[in-house]
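K.L.:
First the structure, then my questions, so here it is.
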Amino acid sequence: MKLFGHPDSGHALKVKFFLDWLEIEYEYEIIDIFSEPSTRSNEFLNASKFSEVPTLIDGSKSYIQSNAILVYLSDKFGKFKNPDERQKCLEWLVWEANKIGLCLPQLRCHKKLAKSHPEFILSQDAYNWLSARYKHDVGVLDKELADKNFILGNDISPADFSLCAYLMYTDEADIDIPQNVESWLQRMREQKGWQSPYEMLKG
């Protein structure tokens, strides 16, 4: 098994953190996500349909899109207790992709990378809209976690690895984290395999 990622990719963090938590042996290779796709290795380009990280190779097959990879790994290693838990996890994975996973990465890129990569500069209207989206979305998450240790209850699930990833970079986005979310993030930091994002993804 081989994972391609990059230290600036919260999407790659989801998968690498989950693999390390599972204590699975795998190779890891950094892909320069700021380079032209055509300059990336043939192995990666052949495996990654959209030339994006994370990309996972397992045997003769490859898998893309972070949340889809989490589902694949969870099915492969039996991490869903029952069909109902799997369904609830899928609902949160889709929610993440359209909520926290939409607004927060763009706010972070605007704050951290705009000087070196002008293409990440947001207009004021876009910044205001994404900030409002983040405030609403993290509020939904905070309410959900008010009486739970993890997003589905007392036990950790693949959805937690997805939901927490970009929130681990919030110091680079100049945004606030509500108390229930911060307490949950601390529980995630206490999980086996955890390292700070740049340590975990540095290769």
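Chain labels A, B, ... are given in the sequence in which chains occur in the structure tokens; within each chain residues are numbered consecutively from 1, and ligands are likewise numbered from 1 in the order shown.
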So that I can see what lies close to A:Asp8, please list as an mmCIF file with N, CA and C atoms, in the first residue's frame the residues with an atom at most 10 Å from it, counting only C-alpha atoms and leaving out residues fewer than 5 positions away in the same chain.
P.N.:
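The result, written out as out02.cif:
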data_model
loop_
_atom_site.group_PDB
_atom_site.id
_atom_site.type_symbol
_atom_site.label_atom_id
_atom_site.label_comp_id
_atom_site.auth_asym_id
_atom_site.auth_seq_id
_atom_site.Cartn_x
_atom_site.Cartn_y
_atom_site.Cartn_z
ATOM 1 N N LEU A 13 -4.042 14.669 5.063
ATOM 2 C CA LEU A 13 -3.959 14.444 6.509
ATOM 3 C C LEU A 13 -5.037 13.483 6.978
ATOM 4 N N ASP A 32 4.603 17.312 -5.036
ATOM 5 C CA ASP A 32 4.599 18.767 -5.039
ATOM 6 C C ASP A 32 3.298 19.256 -5.672
ATOM 7 N N ILE A 33 2.351 19.640 -4.827
ATOM 8 C CA ILE A 33 1.032 20.026 -5.337
ATOM 9 C C ILE A 33 1.037 21.410 -5.987
ATOM 10 N N PRO A 105 -10.525 25.292 3.774
ATOM 11 C CA PRO A 105 -9.290 25.283 2.972
ATOM 12 C C PRO A 105 -9.065 26.578 2.191
ATOM 13 N N CYS A 109 -5.899 29.086 2.596
ATOM 14 C CA CYS A 109 -5.036 29.437 1.463
ATOM 15 C C CYS A 109 -4.942 30.952 1.296
ATOM 16 N N TYR A 166 -8.843 19.644 8.426
ATOM 17 C CA TYR A 166 -8.544 21.054 8.160
ATOM 18 C C TYR A 166 -8.677 21.917 9.412
ATOM 19 N N TYR A 169 -5.521 22.957 11.090
ATOM 20 C CA TYR A 169 -4.723 24.036 10.493
ATOM 21 C C TYR A 169 -5.326 25.421 10.770
ATOM 22 N N PRO A 197 0.182 18.299 11.800
ATOM 23 C CA PRO A 197 0.060 18.046 10.362
ATOM 24 C C PRO A 197 1.383 18.051 9.593
ATOM 25 N N TYR A 198 2.233 19.025 9.867
ATOM 26 C CA TYR A 198 3.473 19.108 9.095
ATOM 27 C C TYR A 198 4.451 18.009 9.469
ATOM 28 N N LEU A 201 2.966 14.694 7.805
ATOM 29 C CA LEU A 201 2.967 14.649 6.335
ATOM 30 C C LEU A 201 4.312 15.010 5.699
ATOM 31 N N LYS A 202 5.347 15.122 6.512
ATOM 32 C CA LYS A 202 6.618 15.574 5.954
ATOM 33 C C LYS A 202 7.378 14.466 5.227
#
K.L.:
Find the residues of stretch 93-135 of chain A that sit at most 10 Å from stretch 141-163 of chain A; for each, write down the nearest two atoms and how far apart they are in Å, to one decimal. Count only C-alpha atoms. Sort by chain, then by number going up, and give it as CSV.
P.N.:
residue,atom,partner,partner_atom,distance
A:Leu93,CA,A:Ala159,CA,5.8
A:Val94,CA,A:Ala159,CA,9.5
A:Trp95,CA,A:Leu163,CA,9.1
A:Glu96,CA,A:Leu163,CA,6.1
A:Ala97,CA,A:Ser162,CA,8.8
A:Lys99,CA,A:Leu163,CA,9.8
A:Ile100,CA,A:Leu163,CA,7.4
A:Gly101,CA,A:Leu163,CA,7.9
K.L.:
Could you give me the residues within stretch 107-192 of chain A that DSSP places in helix (DSSP H, G or I), as a PyMOL selection string?
P.N.:
chain A and resi 107-112+118-120+124-144+158-164+166-172+179-189
K.L.:
One decimal, in Å: what's the spacing between atom CA of A:Leu167 and atom CA of A:Tyr134?
P.N.:
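For atom CA of A:Leu167 relative to atom CA of A:Tyr134, the distance reads 10.7 Å.
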